[in-house]
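What's in work.cif: mmCIF, C-alpha atoms
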data_final
loop_
_atom_site.group_PDB
_atom_site.id
_atom_site.type_symbol
_atom_site.label_atom_id
_atom_site.label_comp_id
_atom_site.auth_asym_id
_atom_site.auth_seq_id
_atom_site.Cartn_x
_atom_site.Cartn_y
_atom_site.Cartn_z
ATOM 1 C CA MET A 16 0.000 0.000 0.000
ATOM 2 C CA GLY A 17 2.949 2.353 0.609
ATOM 3 C CA LEU A 18 3.943 2.175 -3.055
ATOM 4 C CA LEU A 19 0.414 3.171 -4.046
ATOM 5 C CA LEU A 20 0.578 6.140 -1.660
ATOM 6 C CA ASP A 21 3.962 7.155 -3.084
ATOM 7 C CA ASP A 22 2.549 7.097 -6.635
ATOM 8 C CA LEU A 23 -0.484 9.157 -5.575
ATOM 9 C CA GLY A 24 1.826 11.576 -3.777
ATOM 10 C CA LYS A 25 3.767 12.289 -6.966
ATOM 11 C CA ASP A 26 0.564 13.437 -8.663
ATOM 12 C CA LEU A 27 -1.025 15.224 -5.707
ATOM 13 C CA MET A 28 1.982 16.893 -4.067
ATOM 14 C CA PRO A 29 1.731 20.706 -4.116
ATOM 15 C CA LYS A 30 4.257 22.620 -6.226
ATOM 16 C CA ILE A 31 4.540 25.359 -3.566
ATOM 17 C CA VAL A 32 5.618 24.559 -0.010
ATOM 18 C CA PRO A 33 2.591 24.746 2.324
ATOM 19 C CA GLN A 34 3.314 26.938 5.349
ATOM 20 C CA GLY A 35 1.595 27.849 8.568
ATOM 21 C CA ARG A 36 -1.500 25.738 8.919
ATOM 22 C CA ILE A 37 -0.136 22.223 8.489
ATOM 23 C CA ARG A 38 1.103 20.174 11.445
ATOM 24 C CA MET A 39 1.873 16.477 10.934
ATOM 25 C CA GLY A 40 1.948 14.083 13.858
ATOM 26 C CA VAL A 41 4.675 11.438 13.836
ATOM 27 C CA ARG A 42 6.372 9.080 16.232
ATOM 28 C CA ARG A 43 10.106 9.763 16.438
ATOM 29 C CA PHE A 44 12.507 6.911 17.183
ATOM 30 C CA THR A 45 14.751 7.508 20.177
ATOM 31 C CA GLY A 46 17.736 5.282 20.869
ATOM 32 C CA GLY A 47 19.469 4.793 24.154
ATOM 33 C CA MET A 48 18.994 2.240 26.909
ATOM 34 C CA VAL A 49 15.260 1.924 26.223
ATOM 35 C CA PRO A 50 14.454 2.704 22.565
ATOM 36 C CA ALA A 51 11.005 4.176 22.030
ATOM 37 C CA LEU A 52 8.728 5.794 19.485
ATOM 38 C CA VAL A 53 7.788 9.104 21.114
ATOM 39 C CA PRO A 54 5.078 11.484 19.872
ATOM 40 C CA ASP A 55 6.354 14.481 17.903
ATOM 41 C CA VAL A 56 5.096 17.015 15.372
ATOM 42 C CA VAL A 57 6.508 18.253 12.038
ATOM 43 C CA THR A 58 5.923 21.828 10.842
ATOM 44 C CA ASN A 59 7.782 24.501 8.834
ATOM 45 C CA PHE A 60 8.682 22.796 5.588
ATOM 46 C CA ALA A 61 11.702 24.327 3.834
ATOM 47 C CA SER A 62 11.027 22.618 0.500
ATOM 48 C CA VAL A 63 8.531 20.460 -1.341
ATOM 49 C CA GLU A 64 10.904 17.538 -0.677
ATOM 50 C CA ASP A 65 10.652 18.204 3.095
ATOM 51 C CA PHE A 66 6.879 18.212 2.840
ATOM 52 C CA SER A 67 6.894 15.040 0.718
ATOM 53 C CA SER A 68 9.191 13.175 3.125
ATOM 54 C CA ALA A 69 6.989 14.208 6.072
ATOM 55 C CA VAL A 70 3.911 12.847 4.256
ATOM 56 C CA ALA A 71 5.785 9.570 3.614
ATOM 57 C CA ALA A 72 6.841 9.337 7.277
ATOM 58 C CA THR A 73 3.297 9.939 8.508
ATOM 59 C CA SER A 74 2.102 7.051 6.352
ATOM 60 C CA CYS A 75 4.786 4.644 7.535
ATOM 61 C CA VAL A 76 2.914 1.982 9.517
ATOM 62 C CA TRP A 77 5.178 -1.040 9.651
ATOM 63 C CA LEU A 78 3.800 -4.187 7.960
ATOM 64 C CA VAL A 79 0.444 -2.472 7.449
ATOM 65 C CA VAL A 80 1.379 0.225 4.926
ATOM 66 C CA ARG A 81 5.129 -0.175 4.422
ATOM 67 C CA LEU A 82 7.728 -2.899 4.853
ATOM 68 C CA GLU A 83 10.216 -0.607 6.596
ATOM 69 C CA PRO A 84 9.324 0.324 10.195
ATOM 70 C CA VAL A 85 10.569 3.942 10.046
ATOM 71 C CA ARG A 86 11.615 6.621 7.525
ATOM 72 C CA TRP A 87 14.413 9.178 7.885
ATOM 73 C CA LEU A 88 13.013 12.666 8.383
ATOM 74 C CA ARG A 89 15.565 15.426 7.815
ATOM 75 C CA GLN A 90 13.542 18.037 9.726
ATOM 76 C CA LYS A 91 13.783 15.941 12.904
ATOM 77 C CA CYS A 92 17.237 14.451 12.205
ATOM 78 C CA SER A 93 15.706 11.163 13.219
ATOM 79 C CA PHE A 94 13.828 8.117 12.010
ATOM 80 C CA CYS A 95 10.058 8.615 12.221
ATOM 81 C CA CYS A 96 6.834 6.745 11.475
ATOM 82 C CA ASP A 97 3.080 7.242 11.480
ATOM 83 C CA GLY A 98 1.462 8.618 14.622
ATOM 84 C CA CYS A 99 -0.493 5.447 15.236
ATOM 85 C CA ASN A 100 1.403 2.788 17.112
ATOM 86 C CA PRO A 101 -0.338 -0.548 16.466
ATOM 87 C CA PHE A 102 2.500 -2.646 17.930
ATOM 88 C CA SER A 103 2.433 -1.127 21.419
ATOM 89 C CA PHE A 104 0.188 -1.893 24.353
ATOM 90 C CA PHE A 105 1.258 1.380 26.015
ATOM 91 C CA CYS A 106 -1.228 3.234 23.805
ATOM 92 C CA PHE A 107 -4.080 1.725 25.870
ATOM 93 C CA ALA A 108 -2.596 3.127 29.097
ATOM 94 C CA GLU A 109 -2.034 6.465 27.367
ATOM 95 C CA TYR A 110 -5.650 6.572 26.135
ATOM 96 C CA PHE A 111 -7.099 5.728 29.554
ATOM 97 C CA HIS A 112 -4.895 8.460 31.059
ATOM 98 C CA HIS A 113 -6.344 10.907 28.521
ATOM 99 C CA LEU A 114 -9.890 9.802 29.411
ATOM 100 C CA ARG A 115 -9.248 10.103 33.161
ATOM 101 C CA THR A 116 -7.615 13.543 32.982
ATOM 102 C CA GLY A 117 -9.987 15.059 30.394
ATOM 103 C CA LEU A 118 -7.327 15.302 27.670
ATOM 104 C CA ALA A 119 -9.401 13.021 25.448
ATOM 105 C CA GLN A 120 -11.837 15.887 24.815
ATOM 106 C CA ARG A 121 -9.023 17.443 22.762
ATOM 107 C CA THR A 122 -6.956 14.427 21.622
ATOM 108 C CA ALA A 123 -9.713 11.910 20.826
ATOM 109 C CA PRO A 124 -13.118 13.637 20.870
ATOM 110 C CA ARG A 125 -16.206 11.481 20.634
ATOM 111 C CA PRO A 126 -17.161 12.518 17.063
ATOM 112 C CA THR A 127 -13.913 10.987 15.743
ATOM 113 C CA PHE A 128 -15.097 7.421 16.268
ATOM 114 C CA THR A 129 -18.393 5.586 16.240
ATOM 115 C CA GLY A 130 -17.743 3.423 19.300
ATOM 116 C CA GLY A 131 -17.256 0.121 17.501
ATOM 117 C CA LEU A 132 -13.999 -1.381 16.336
ATOM 118 C CA ASP A 133 -12.902 1.983 14.969
ATOM 119 C CA MET A 134 -12.263 3.061 18.571
ATOM 120 C CA ILE A 135 -8.772 1.673 18.033
ATOM 121 C CA TYR A 136 -7.874 4.813 16.022
ATOM 122 C CA PRO A 137 -8.209 7.298 18.906
ATOM 123 C CA ILE A 138 -6.438 4.793 21.163
ATOM 124 C CA TRP A 139 -3.491 4.498 18.758
ATOM 125 C CA ASN A 140 -3.301 8.232 17.980
ATOM 126 C CA CYS A 141 -4.140 10.149 21.180
ATOM 127 C CA GLY A 142 -0.475 10.596 22.213
ATOM 128 C CA VAL A 143 0.523 12.110 18.898
ATOM 129 C CA MET A 144 -2.613 14.239 18.810
ATOM 130 C CA GLU A 145 -1.657 15.685 22.201
ATOM 131 C CA ARG A 146 1.621 16.914 20.667
ATOM 132 C CA THR A 147 0.106 17.965 17.350
ATOM 133 C CA LEU A 148 -2.927 19.977 18.464
ATOM 134 C CA PRO A 149 -2.555 23.385 20.101
ATOM 135 C CA LYS A 150 -3.772 23.550 23.680
ATOM 136 C CA ARG A 151 -6.194 26.412 22.915
ATOM 137 C CA GLY A 152 -8.518 27.362 20.122
ATOM 138 C CA ALA A 153 -10.891 25.439 17.913
ATOM 139 C CA HIS A 154 -9.880 22.007 16.709
ATOM 140 C CA ILE A 155 -11.428 20.902 13.462
ATOM 141 C CA TRP A 156 -11.159 17.177 12.826
ATOM 142 C CA LEU A 157 -11.224 15.894 9.278
ATOM 143 C CA THR A 158 -11.187 12.145 9.488
ATOM 144 C CA PRO A 159 -13.270 9.388 7.914
ATOM 145 C CA THR A 160 -14.446 8.485 11.404
ATOM 146 C CA VAL A 161 -16.332 11.777 11.821
ATOM 147 C CA GLY A 162 -19.886 10.812 11.007
ATOM 148 C CA GLY A 163 -19.168 7.081 11.165
ATOM 149 C CA ASN A 164 -17.826 6.772 7.610
ATOM 150 C CA LEU A 165 -14.874 4.515 8.420
ATOM 151 C CA LYS A 166 -15.186 0.889 7.343
ATOM 152 C CA LEU A 167 -12.446 -1.257 8.875
ATOM 153 C CA TRP A 168 -12.945 -4.096 6.382
ATOM 154 C CA ASN A 169 -11.643 -1.765 3.668
ATOM 155 C CA ALA A 170 -8.165 -1.760 5.256
ATOM 156 C CA LEU A 171 -7.047 -4.674 3.065
ATOM 157 C CA ARG A 172 -8.308 -3.339 -0.262
ATOM 158 C CA PHE A 173 -5.332 -2.300 -2.388
ATOM 159 C CA SER A 174 -5.909 -0.857 -5.823
ATOM 160 C CA GLY A 175 -5.601 2.414 -7.653
ATOM 161 C CA TRP A 176 -9.352 2.437 -8.245
ATOM 162 C CA PHE A 177 -10.118 1.964 -4.564
ATOM 163 C CA ALA A 178 -7.647 4.697 -3.518
ATOM 164 C CA GLY A 179 -9.333 7.064 -5.985
ATOM 165 C CA GLU A 180 -12.749 6.052 -4.673
ATOM 166 C CA GLN A 181 -11.609 6.775 -1.101
ATOM 167 C CA TYR A 182 -10.472 10.271 -2.154
ATOM 168 C CA ARG A 183 -13.801 10.887 -3.905
ATOM 169 C CA LEU A 184 -15.765 9.729 -0.856
ATOM 170 C CA GLY A 185 -13.520 11.836 1.401
ATOM 171 C CA TYR A 186 -14.221 14.997 -0.593
ATOM 172 C CA ASP A 187 -17.959 14.183 -0.611
ATOM 173 C CA HIS A 188 -17.794 13.710 3.160
ATOM 174 C CA ALA A 189 -15.984 17.051 3.644
ATOM 175 C CA ARG A 190 -18.577 18.839 1.476
ATOM 176 C CA GLY A 191 -21.368 17.316 3.570
ATOM 177 C CA LEU A 192 -19.681 18.399 6.807
ATOM 178 C CA ASP A 193 -19.269 21.908 5.389
ATOM 179 C CA LEU A 194 -22.979 22.098 4.551
ATOM 180 C CA GLN A 195 -23.745 21.108 8.168
ATOM 181 C CA GLY A 196 -21.538 23.962 9.427
ATOM 182 C CA TYR A 197 -18.822 21.668 10.794
ATOM 183 C CA PHE A 198 -16.035 24.031 9.693
ATOM 184 C CA SER A 199 -17.749 27.249 10.825
ATOM 185 C CA ALA A 200 -15.024 27.901 13.452
ATOM 186 C CA LEU A 201 -12.453 28.312 10.665
ATOM 187 C CA SER A 202 -12.053 31.623 8.894
ATOM 188 C CA ARG A 203 -12.611 31.300 5.170
ATOM 189 C CA ARG A 204 -9.692 31.893 2.846
ATOM 190 C CA PRO A 205 -10.222 34.528 0.175
ATOM 191 C CA ARG A 206 -10.755 33.014 -3.268
#
Serialized structure, structure tokens:
Amino acid sequence: MGLLLDDLGKDLMPKIVPQGRIRMGVRRFTGGMVPALVPDVVTNFASVEDFSSAVAATSCVWLVVRLEPVRWLRQKCSFCCDGCNPFSFFCFAEYFHHLRTGLAQRTAPRPTFTGGLDMIYPIWNCGVMERTLPKRGAHIWLTPTVGGNLKLWNALRFSGWFAGEQYRLGYDHARGLDLQGYFSALSRRPR
């Protein structure tokens, strides 16, 4: 699936470096006595290549999306991977800590999952979301889980057609959320 994402990225990557509004959550590999994948965030892209490598790192889920467990990210001078951490049981402790302390209202709000099996996504991602999201202000989530549109059985469907269909459905979903006023907290960009 990583190769498919890389091919899509070549066609969809912006020609101008996006600045300001984009923050990408990753897990950064730390060495030492006890190696770990710690939550981190990537911002301020100096070039399109920086942006492209950050996108590749955020889609690096070992054995699920890519064969390699981590990708080198120049901005962090470290190996990094996707924010979700499916091979760690610590994420469950982290999620329950977020629930108990109230952090989950910001890092894994209820509209981002339907309560079924897709609850694994906020569990896997809450640590990275804590680092990625600012502590104040409005947080606008754009995820297939908002509105219950995520279908876990689609995780094993690999094809160019299906990837295109997912993009089409994602844009339809975003348009529907916009019509419902979901993005009203954001200021509109001038056209």
### Query
Can you list what the PyMOL selection byres ((chain A and resi 136-150) around 10) grabs from this structure, as a PyMOL selection string?
chain A and resi 37-42+53-58+97-111+113+118-119+121-125+127-128+132-135+151-155+160
### Query
Pick the closest to A:Cys75 from A:Leu201, A:Leu88, A:Val32, A:Val63: which is it, counting all atoms listed in the file?
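Smallest distance to A:Cys75 is found for A:Leu88.
Counting from atom CA of A:Leu52, the distance to atom CA of A:Arg115 is 23.0 Å.
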### Query
Quick one: residues within 12 Å of A:Ala61, only C-alpha atoms counted, chain neighbours fewer than 3 positions away excluded, as JSON, numbers by chain?
{"A": [31, 32, 33, 34, 35, 57, 58, 64, 65, 66, 67, 68, 69, 89, 90]}
### Two-atom distance - atom CA of A:Cys92, atom CA of A:Pro50 (Å)
15.9 Å
### Task
Would you mind reading off the distance between atom CA of A:Ser62 and atom CA of A:Lys30, one decimal, in Å?
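Spanning atom CA of A:Ser62 to atom CA of A:Lys30 is a straight-line distance of 9.5 Å.
Among the candidates A:Cys95, A:Leu192, A:Arg36, A:Val49, the one nearest to A:Glu83 when counting all atoms listed in the file is A:Cys95.
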List the residues selected by the PyMOL selection byres ((chain A and resi 85) around 9) in the file shown, writing them as a compact mmCIF listing (two decimals) with C-alpha atoms, in the frame of the given file.
# COMPACT_ATOMS: atom_id res chain seq x y z
CA ARG A 43 10.11 9.76 16.44
CA PHE A 44 12.51 6.91 17.18
CA ALA A 72 6.84 9.34 7.28
CA CYS A 75 4.79 4.64 7.54
CA VAL A 76 2.91 1.98 9.52
CA TRP A 77 5.18 -1.04 9.65
CA ARG A 81 5.13 -0.18 4.42
CA GLU A 83 10.22 -0.61 6.60
CA PRO A 84 9.32 0.32 10.20
CA ARG A 86 11.62 6.62 7.52
CA TRP A 87 14.41 9.18 7.88
CA PHE A 94 13.83 8.12 12.01
CA CYS A 95 10.06 8.62 12.22
CA CYS A 96 6.83 6.74 11.48
CA ASP A 97 3.08 7.24 11.48
